[in-house]
Each structure stands twice: as structure tokens, then as C-alpha cells.
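> Just so it is clear, I am handing over upload.pdb, which has PDB, C-alpha atoms and all ligand atoms.
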ATOM      1  CA  MET A   1     -17.812  40.778  76.847  1.00  0.00           C
ATOM      2  CA  ALA A   2     -14.543  39.011  76.022  1.00  0.00           C
ATOM      3  CA  VAL A   3     -16.082  35.678  77.061  1.00  0.00           C
ATOM      4  CA  GLU A   4     -19.075  36.314  74.781  1.00  0.00           C
ATOM      5  CA  ARG A   5     -16.726  36.963  71.893  1.00  0.00           C
ATOM      6  CA  VAL A   6     -14.893  33.697  72.515  1.00  0.00           C
ATOM      7  CA  PHE A   7     -18.230  31.873  72.498  1.00  0.00           C
ATOM      8  CA  ASP A   8     -19.237  33.636  69.268  1.00  0.00           C
ATOM      9  CA  HIS A   9     -16.015  32.490  67.632  1.00  0.00           C
ATOM     10  CA  LEU A  10     -16.484  28.941  68.877  1.00  0.00           C
ATOM     11  CA  ARG A  11     -20.056  28.936  67.581  1.00  0.00           C
ATOM     12  CA  ALA A  12     -18.843  30.116  64.160  1.00  0.00           C
ATOM     13  CA  ILE A  13     -16.165  27.399  64.077  1.00  0.00           C
ATOM     14  CA  ALA A  14     -18.746  24.772  65.071  1.00  0.00           C
ATOM     15  CA  THR A  15     -21.058  25.919  62.284  1.00  0.00           C
ATOM     16  CA  GLY A  16     -18.205  25.699  59.763  1.00  0.00           C
ATOM     17  CA  ALA A  17     -17.246  22.227  61.012  1.00  0.00           C
ATOM     18  CA  LYS A  18     -20.855  21.042  60.796  1.00  0.00           C
ATOM     19  CA  TYR A  19     -21.167  22.014  57.145  1.00  0.00           C
ATOM     20  CA  LEU A  20     -17.799  20.492  56.367  1.00  0.00           C
ATOM     21  CA  PHE A  21     -19.445  17.103  56.754  1.00  0.00           C
ATOM     22  CA  LEU A  22     -22.817  17.917  55.234  1.00  0.00           C
ATOM     23  CA  LYS A  23     -23.521  18.250  51.532  1.00  0.00           C
ATOM     24  CA  PRO A  24     -22.832  21.813  50.345  1.00  0.00           C
ATOM     25  CA  ARG A  25     -25.912  23.930  50.835  1.00  0.00           C
ATOM     26  CA  LEU A  26     -25.399  26.754  48.419  1.00  0.00           C
ATOM     27  CA  THR A  27     -22.630  25.822  46.022  1.00  0.00           C
ATOM     28  CA  LEU A  28     -23.795  25.734  42.435  1.00  0.00           C
ATOM     29  CA  MET A  29     -21.442  23.727  40.213  1.00  0.00           C
ATOM     30  CA  TYR A  30     -21.118  26.572  37.714  1.00  0.00           C
ATOM     31  CA  PRO A  31     -20.554  26.402  34.750  1.00  0.00           C
ATOM     32  CA  ASP A  32     -21.708  22.744  34.613  1.00  0.00           C
ATOM     33  CA  GLU A  33     -24.920  23.905  36.285  1.00  0.00           C
ATOM     34  CA  VAL A  34     -26.647  27.232  35.756  1.00  0.00           C
ATOM     35  CA  GLU A  35     -29.660  28.612  37.482  1.00  0.00           C
ATOM     36  CA  ASP A  36     -32.948  28.820  35.615  1.00  0.00           C
ATOM     37  CA  LEU A  37     -33.683  32.418  36.520  1.00  0.00           C
ATOM     38  CA  PRO A  38     -37.215  33.586  37.298  1.00  0.00           C
ATOM     39  CA  ARG A  39     -39.199  36.166  35.357  1.00  0.00           C
ATOM     40  CA  GLY A  40     -38.334  39.639  36.552  1.00  0.00           C
ATOM     41  CA  TYR A  41     -34.656  38.823  37.110  1.00  0.00           C
ATOM     42  CA  ARG A  42     -32.646  41.988  36.477  1.00  0.00           C
ATOM     43  CA  GLY A  43     -29.852  40.986  34.147  1.00  0.00           C
ATOM     44  CA  MET A  44     -28.118  42.864  31.341  1.00  0.00           C
ATOM     45  CA  ILE A  45     -30.371  45.164  29.398  1.00  0.00           C
ATOM     46  CA  THR A  46     -31.746  44.847  25.875  1.00  0.00           C
ATOM     47  CA  TYR A  47     -32.406  47.995  23.892  1.00  0.00           C
ATOM     48  CA  ASN A  48     -34.783  48.393  20.925  1.00  0.00           C
ATOM     49  CA  HIS A  49     -33.495  51.230  18.794  1.00  0.00           C
ATOM     50  CA  GLU A  50     -36.561  51.104  16.503  1.00  0.00           C
ATOM     51  CA  THR A  51     -38.973  52.098  19.258  1.00  0.00           C
ATOM     52  CA  CYS A  52     -36.707  54.516  21.156  1.00  0.00           C
ATOM     53  CA  ILE A  53     -37.953  58.111  20.975  1.00  0.00           C
ATOM     54  CA  SER A  54     -34.719  59.653  22.243  1.00  0.00           C
ATOM     55  CA  CYS A  55     -36.431  61.169  25.281  1.00  0.00           C
ATOM     56  CA  SER A  56     -33.367  60.748  27.562  1.00  0.00           C
ATOM     57  CA  LEU A  57     -35.457  59.687  30.553  1.00  0.00           C
ATOM     58  CA  CYS A  58     -33.339  56.559  31.009  1.00  0.00           C
ATOM     59  CA  ALA A  59     -30.151  58.624  31.205  1.00  0.00           C
ATOM     60  CA  MET A  60     -31.753  61.128  33.580  1.00  0.00           C
ATOM     61  CA  VAL A  61     -33.086  58.520  36.014  1.00  0.00           C
ATOM     62  CA  CYS A  62     -29.980  56.321  36.145  1.00  0.00           C
ATOM     63  CA  PRO A  63     -28.568  56.662  39.684  1.00  0.00           C
ATOM     64  CA  ALA A  64     -25.192  55.255  38.657  1.00  0.00           C
ATOM     65  CA  ASP A  65     -24.671  57.510  35.662  1.00  0.00           C
ATOM     66  CA  ALA A  66     -24.367  54.397  33.516  1.00  0.00           C
ATOM     67  CA  ILE A  67     -26.517  55.595  30.605  1.00  0.00           C
ATOM     68  CA  LYS A  68     -25.276  58.321  28.348  1.00  0.00           C
ATOM     69  CA  MET A  69     -26.988  59.815  25.287  1.00  0.00           C
ATOM     70  CA  TYR A  70     -24.825  59.593  22.159  1.00  0.00           C
ATOM     71  CA  LEU A  71     -24.993  61.330  18.827  1.00  0.00           C
ATOM     72  CA  PRO A  72     -25.055  58.838  15.926  1.00  0.00           C
ATOM     73  CA  LYS A  73     -21.607  57.915  14.579  1.00  0.00           C
ATOM     74  CA  GLU A  74     -22.670  59.249  11.195  1.00  0.00           C
ATOM     75  CA  VAL A  75     -25.039  62.220  11.246  1.00  0.00           C
ATOM     76  CA  PRO A  76     -27.283  62.240   8.133  1.00  0.00           C
ATOM     77  CA  GLU A  77     -26.428  65.114   5.785  1.00  0.00           C
ATOM     78  CA  GLY A  78     -28.511  68.250   6.324  1.00  0.00           C
ATOM     79  CA  GLU A  79     -29.721  67.133   9.763  1.00  0.00           C
ATOM     80  CA  LYS A  80     -29.294  70.241  11.921  1.00  0.00           C
ATOM     81  CA  ARG A  81     -30.401  68.758  15.245  1.00  0.00           C
ATOM     82  CA  PRO A  82     -29.570  65.046  15.194  1.00  0.00           C
ATOM     83  CA  LYS A  83     -31.173  62.983  17.949  1.00  0.00           C
ATOM     84  CA  ARG A  84     -29.144  61.347  20.663  1.00  0.00           C
ATOM     85  CA  TYR A  85     -29.683  57.725  21.660  1.00  0.00           C
ATOM     86  CA  PRO A  86     -28.725  55.801  24.802  1.00  0.00           C
ATOM     87  CA  GLY A  87     -25.638  53.714  25.348  1.00  0.00           C
ATOM     88  CA  ILE A  88     -24.743  51.849  28.519  1.00  0.00           C
ATOM     89  CA  ASN A  89     -21.613  51.521  30.591  1.00  0.00           C
ATOM     90  CA  TYR A  90     -21.672  48.182  32.405  1.00  0.00           C
ATOM     91  CA  THR A  91     -18.767  49.174  34.630  1.00  0.00           C
ATOM     92  CA  ARG A  92     -21.220  51.513  36.334  1.00  0.00           C
ATOM     93  CA  CYS A  93     -24.613  49.771  36.031  1.00  0.00           C
ATOM     94  CA  ILE A  94     -25.990  48.447  39.338  1.00  0.00           C
ATOM     95  CA  PHE A  95     -28.933  46.627  37.668  1.00  0.00           C
ATOM     96  CA  CYS A  96     -31.499  48.609  39.612  1.00  0.00           C
ATOM     97  CA  GLY A  97     -33.993  48.550  36.740  1.00  0.00           C
ATOM     98  CA  PHE A  98     -34.958  52.227  36.969  1.00  0.00           C
ATOM     99  CA  CYS A  99     -34.220  52.812  33.268  1.00  0.00           C
ATOM    100  CA  VAL A 100     -36.397  49.841  32.286  1.00  0.00           C
ATOM    101  CA  SER A 101     -39.254  51.062  34.467  1.00  0.00           C
ATOM    102  CA  ILE A 102     -39.188  54.628  33.244  1.00  0.00           C
ATOM    103  CA  CYS A 103     -38.857  54.026  29.499  1.00  0.00           C
ATOM    104  CA  PRO A 104     -42.187  55.209  28.011  1.00  0.00           C
ATOM    105  CA  THR A 105     -41.884  53.007  24.919  1.00  0.00           C
ATOM    106  CA  PHE A 106     -40.676  49.805  26.634  1.00  0.00           C
ATOM    107  CA  SER A 107     -37.513  50.006  24.552  1.00  0.00           C
ATOM    108  CA  LEU A 108     -35.416  48.811  27.470  1.00  0.00           C
ATOM    109  CA  GLN A 109     -35.932  45.385  29.029  1.00  0.00           C
ATOM    110  CA  HIS A 110     -33.929  43.189  31.314  1.00  0.00           C
ATOM    111  CA  SER A 111     -32.537  39.939  29.972  1.00  0.00           C
ATOM    112  CA  THR A 112     -31.500  37.115  32.308  1.00  0.00           C
ATOM    113  CA  ILE A 113     -27.893  37.361  31.093  1.00  0.00           C
ATOM    114  CA  HIS A 114     -25.521  38.130  33.937  1.00  0.00           C
ATOM    115  CA  ASP A 115     -22.596  35.754  33.529  1.00  0.00           C
ATOM    116  CA  VAL A 116     -20.380  37.233  30.857  1.00  0.00           C
ATOM    117  CA  SER A 117     -16.891  38.580  31.288  1.00  0.00           C
ATOM    118  CA  PHE A 118     -14.884  41.182  29.410  1.00  0.00           C
ATOM    119  CA  TYR A 119     -11.177  41.529  28.731  1.00  0.00           C
ATOM    120  CA  THR A 120     -11.008  45.308  28.741  1.00  0.00           C
ATOM    121  CA  PHE A 121     -12.717  48.243  30.362  1.00  0.00           C
ATOM    122  CA  GLU A 122     -13.737  49.635  26.955  1.00  0.00           C
ATOM    123  CA  GLU A 123     -15.572  46.428  25.967  1.00  0.00           C
ATOM    124  CA  GLN A 124     -18.041  47.108  28.761  1.00  0.00           C
ATOM    125  CA  ILE A 125     -19.200  50.374  27.240  1.00  0.00           C
ATOM    126  CA  PHE A 126     -21.901  49.901  24.616  1.00  0.00           C
ATOM    127  CA  ARG A 127     -22.708  52.787  22.316  1.00  0.00           C
ATOM    128  CA  PRO A 128     -26.286  52.791  20.934  1.00  0.00           C
ATOM    129  CA  GLU A 129     -25.265  50.729  17.896  1.00  0.00           C
ATOM    130  CA  GLU A 130     -23.763  47.958  20.062  1.00  0.00           C
ATOM    131  CA  PHE A 131     -26.432  48.343  22.752  1.00  0.00           C
ATOM    132  CA  ALA A 132     -29.098  47.582  20.130  1.00  0.00           C
ATOM    133  CA  LYS A 133     -27.372  44.294  19.233  1.00  0.00           C
ATOM    134  CA  GLY A 134     -28.118  42.970  22.722  1.00  0.00           C
ATOM    135  CA  PRO A 135     -25.890  41.716  25.517  1.00  0.00           C
ATOM    136  CA  PRO A 136     -23.171  39.197  24.656  1.00  0.00           C
ATOM    137  CA  LYS A 137     -24.141  35.559  25.227  1.00  0.00           C
ATOM    138  CA  PRO A 138     -22.329  33.560  27.922  1.00  0.00           C
ATOM    139  CA  GLN A 139     -19.879  31.040  26.444  1.00  0.00           C
ATOM    140  CA  TYR A 140     -19.896  27.539  27.936  1.00  0.00           C
ATOM    141  CA  ASP A 141     -17.586  24.660  26.945  1.00  0.00           C
ATOM    142  CA  LYS A 142     -20.565  22.317  27.091  1.00  0.00           C
ATOM    143  CA  GLU A 143     -24.285  22.859  27.490  1.00  0.00           C
ATOM    144  CA  PRO A 144     -24.915  23.425  31.220  1.00  0.00           C
ATOM    145  CA  VAL A 145     -27.615  21.683  33.217  1.00  0.00           C
ATOM    146  CA  LYS A 146     -30.382  24.089  34.210  1.00  0.00           C
ATOM    147  CA  VAL A 147     -31.378  23.972  37.852  1.00  0.00           C
ATOM    148  CA  ARG A 148     -34.013  25.674  39.935  1.00  0.00           C
ATOM    149  CA  VAL A 149     -33.484  26.891  43.509  1.00  0.00           C
ATOM    150  CA  ILE A 150     -35.839  25.211  45.974  1.00  0.00           C
ATOM    151  CA  PRO A 151     -36.144  26.409  49.594  1.00  0.00           C
ATOM    152  CA  ASP A 152     -35.401  23.506  51.929  1.00  0.00           C
ATOM    153  CA  GLU A 153     -36.267  23.592  55.602  1.00  0.00           C
ATOM    154  CA  GLU A 154     -33.341  21.409  56.664  1.00  0.00           C
ATOM    155  CA  ARG A 155     -30.591  22.561  54.366  1.00  0.00           C
ATOM    156  CA  GLY A 156     -31.675  26.102  53.538  1.00  0.00           C
ATOM    157  CA  LEU A 157     -31.550  25.679  49.785  1.00  0.00           C
ATOM    158  CA  ARG A 158     -31.191  22.880  47.305  1.00  0.00           C
ATOM    159  CA  TYR A 159     -31.062  22.730  43.534  1.00  0.00           C
ATOM    160  CA  GLU A 160     -33.396  20.698  41.340  1.00  0.00           C
ATOM    161  CA  ARG A 161     -32.925  19.931  37.637  1.00  0.00           C
ATOM    162  CA  VAL A 162     -35.419  21.795  35.475  1.00  0.00           C
TER
HETATM  163  S1  LIG A 201     -30.266  49.317  35.537  1.00  0.00           S
HETATM  164 FE1  LIG A 201     -30.065  51.134  36.911  1.00  0.00          FE
HETATM  165  S2  LIG A 201     -27.865  51.505  37.006  1.00  0.00           S
HETATM  166 FE2  LIG A 201     -28.185  50.162  35.244  1.00  0.00          FE
HETATM  167  S3  LIG A 201     -28.368  51.538  33.507  1.00  0.00           S
HETATM  168 FE3  LIG A 201     -30.461  51.165  34.267  1.00  0.00          FE
HETATM  169  S4  LIG A 201     -30.897  52.818  35.717  1.00  0.00           S
HETATM  170 FE4  LIG A 201     -28.673  52.791  35.372  1.00  0.00          FE
HETATM  171  S1  LIG A 202     -34.612  54.007  25.700  1.00  0.00           S
HETATM  172 FE1  LIG A 202     -36.624  54.699  26.399  1.00  0.00          FE
HETATM  173  S2  LIG A 202     -36.202  56.141  28.055  1.00  0.00           S
HETATM  174 FE2  LIG A 202     -34.275  55.868  26.912  1.00  0.00          FE
HETATM  175  S3  LIG A 202     -34.264  57.504  25.389  1.00  0.00           S
HETATM  176 FE3  LIG A 202     -35.192  55.722  24.402  1.00  0.00          FE
HETATM  177  S4  LIG A 202     -37.397  55.952  24.739  1.00  0.00           S
HETATM  178 FE4  LIG A 202     -36.373  57.346  26.163  1.00  0.00          FE
END
Will you turn the file into C-alpha cells for me?


Amino acid sequence: MAVERVFDHLRAIATGAKYLFLKPRLTLMYPDEVEDLPRGYRGMITYNHETCISCSLCAMVCPADAIKMYLPKEVPEGEKRPKRYPGINYTRCIFCGFCVSICPTFSLQHSTIHDVSFYTFEEQIFRPEEFAKGPPKPQYDKEPVKVRVIPDEERGLRYERV
């Protein structure tokens, strides 16, 4: 058993040493290069307030408790039972896509945006008003090169300019 472990460690070291001298297999030179993501990629979510019917299904199905139904900031005068609309907490979202799949009016869709950062915890919570504006755009110092991931029999993966 102990001998097997030693061999396992040696094998791991040999693998590391091998790739030390080969071109990197998986390293993407982000942010100079960004991946051209395929259709169906589950990134941050867009929300169409105009088509939302306030059914709450998205909040009910969310396994991470990331969607909450909010009352509008300003309730119209005389409205006795104001509708609630969804907001999202990206500190909780696991990008499972259940909310997108269940929405009966297709008001929720995935974007391909995934590479944005926030300074505070609060910035990651989007009330319906902010949710409807869409996810923040990634900020790059210069326009990145778009690359596509190509399976490669010898190297595992390689990147090709789009
Ligand atoms: S993608 Fe999943 S975790 Fe994120 S808000 Fe939708 S249902 Fe919740
Ligand atoms: S976004 Fe879709 S699922 Fe969520 S409350 Fe609106 S209509 Fe219902």
C-alpha cells in the first residue's frame, strides 16, 4: 500500500514535469484572450420586466434561494395588492438554469456574461429594477481576442482564434 502511494506520487511529479516543458494545455491568457462561449452557456441572467407576470415560479424553483420576490419601490396610489417581481442575489446563484427553464413567459434568459467582479456584497443583489437593466458588462483594458476551445487528441485542449 505504502509502495503504491510512493509510485502514485512519483507518477504525479512526472506528469507535472512533463507539462513543464510542453506548451500549456489549458491556460487561457485572460483577459487578453476570452472564450467565445457556445449557445446554451449558463451565464448571468437577463430579466424582461415587461413580460413578467409575477407568478413567482422562478423564486419557488430556485434551489439556492437566490431569487426573491420584491414589492415595487414605489407602490402606485390606490393599489391595494401590488404585485411582486423577482430580484436576484448573485452571492447565492449557482447558475443551474432552473428559473430560466420554468419561466412561463421566457422573461428570464441566460447571457454569456460570467466574468464580472463586485466590490461589495450588496452590489451582487439586484432588485427587480436593477435586474431588468441586465448584468453588468465585463470591463477590459483592451479588446480581447476571442478564442474557441478545440479538443485535441495529443494535448487535450487547444484554443483557436475565432
Ligand atoms: S440559475 Fe438556479 S440558482 Fe441561479 S437564480 Fe436561477 S434557479 Fe436560482
Ligand atoms: S420572471 Fe418568469 S417565472 Fe419569474 S415571476 Fe416573472 S413570469 Fe414568473

> Hey, what's within 10 Å of range 90-105 of chain A if we count all atoms listed in the file and toss same-chain stuff fewer than 5 positions away? As number ranges by chain, please?

A: 40-48, 51-53, 55-67, 110, 114, 121-126

> Taking all atoms of ligand LIG 202 (chain A) that the file lists, what box with edges along x, y and z, padded by 5 Å per side, do you get, with centre and edge lengths in Å to one decimal, as AutoDock Vina command-line options?


--center_x -35.8 --center_y 55.8 --center_z 26.2 --size_x 13.1 --size_y 13.5 --size_z 13.7

> List the neighbours of range 136-152 of chain A out to 8 Å using all atoms listed in the file; skip same-chain residues closer than 2 positions along the sequence, and give me the result as number ranges by chain.

A: 31-37, 113, 115-116, 134, 154-162

> Taking only C-alpha atoms and all ligand atoms into account, which of A:Pro86, A:Pro135, A:Gly16, A:Pro72 comes nearest ligand LIG 201 (chain A)?

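Smallest distance to ligand LIG 201 (chain A) is found for A:Pro86.
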
> Between A:Tyr70, A:Gln109, A:Ser117, A:Lys133, which is the closest to Arg39 in chain A once you count all atoms listed in the file?

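Distance minimum relative to Arg39 in chain A lands on A:Gln109.
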
> Using all atoms listed in the file, which residue out of A:Val75, A:Met69, A:Leu108, A:Ala2 lies closest to Arg127 in chain A?

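Between A:Val75, A:Met69, A:Leu108, A:Ala2, the residue approaching Arg127 in chain A most closely is A:Met69.
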
> Between A:Thr120, A:Ser54, A:Thr15, A:Thr112, which has the minimum distance to ligand LIG 202 (chain A) (counting all atoms listed in the file)?

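Looking at the shortest contact to ligand LIG 202 (chain A), the residue is A:Ser54.
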
> What is the distance, in Å and to one decimal place, between atom FE4 of ligand LIG 201 (chain A) and CA of Lys83 in chain A?

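Distance reported for this atom pair: 20.3 Å.
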
> Rebuild N, CA, C and O atoms on range 43-57 of chain A, as a short mmCIF file (atom, residue, chain, number, x, y, z; two decimals), in the coordinates of the input?


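Wrote selection24.cif, looks like this:
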data_model
loop_
_atom_site.label_atom_id
_atom_site.label_comp_id
_atom_site.auth_asym_id
_atom_site.auth_seq_id
_atom_site.Cartn_x
_atom_site.Cartn_y
_atom_site.Cartn_z
N GLY A 43 -31.15 41.22 34.76
CA GLY A 43 -29.85 40.99 34.15
C GLY A 43 -29.50 42.11 33.20
O GLY A 43 -30.07 43.21 33.25
N MET A 44 -28.56 41.83 32.30
CA MET A 44 -28.12 42.86 31.34
C MET A 44 -29.30 43.31 30.49
O MET A 44 -30.26 42.57 30.29
N ILE A 45 -29.19 44.51 29.98
CA ILE A 45 -30.37 45.16 29.40
C ILE A 45 -30.39 45.07 27.88
O ILE A 45 -29.35 45.19 27.23
N THR A 46 -31.58 44.83 27.33
CA THR A 46 -31.75 44.85 25.88
C THR A 46 -32.35 46.20 25.50
O THR A 46 -33.11 46.80 26.27
N TYR A 47 -31.97 46.66 24.33
CA TYR A 47 -32.41 48.00 23.89
C TYR A 47 -32.94 47.91 22.47
O TYR A 47 -32.27 47.39 21.58
N ASN A 48 -34.17 48.39 22.26
CA ASN A 48 -34.78 48.39 20.92
C ASN A 48 -34.67 49.80 20.33
O ASN A 48 -35.39 50.71 20.72
N HIS A 49 -33.75 49.92 19.39
CA HIS A 49 -33.49 51.23 18.79
C HIS A 49 -34.69 51.71 17.95
O HIS A 49 -34.94 52.91 17.84
N GLU A 50 -35.44 50.75 17.39
CA GLU A 50 -36.56 51.10 16.50
C GLU A 50 -37.67 51.84 17.25
O GLU A 50 -38.34 52.70 16.69
N THR A 51 -37.87 51.49 18.52
CA THR A 51 -38.97 52.10 19.26
C THR A 51 -38.53 53.26 20.16
O THR A 51 -39.36 53.97 20.72
N CYS A 52 -37.23 53.45 20.28
CA CYS A 52 -36.71 54.52 21.16
C CYS A 52 -37.06 55.89 20.58
O CYS A 52 -36.89 56.14 19.39
N ILE A 53 -37.57 56.77 21.44
CA ILE A 53 -37.95 58.11 20.98
C ILE A 53 -36.94 59.17 21.42
O ILE A 53 -37.21 60.37 21.35
N SER A 54 -35.81 58.72 21.91
CA SER A 54 -34.72 59.65 22.24
C SER A 54 -35.12 60.67 23.32
O SER A 54 -34.66 61.80 23.31
N CYS A 55 -35.93 60.21 24.28
CA CYS A 55 -36.43 61.17 25.28
C CYS A 55 -35.42 61.45 26.39
O CYS A 55 -35.58 62.40 27.16
N SER A 56 -34.43 60.59 26.54
CA SER A 56 -33.37 60.75 27.56
C SER A 56 -33.79 60.42 28.99
O SER A 56 -33.00 60.63 29.92
N LEU A 57 -35.02 59.97 29.18
CA LEU A 57 -35.46 59.69 30.55
C LEU A 57 -34.58 58.63 31.21
O LEU A 57 -34.28 58.71 32.40
#
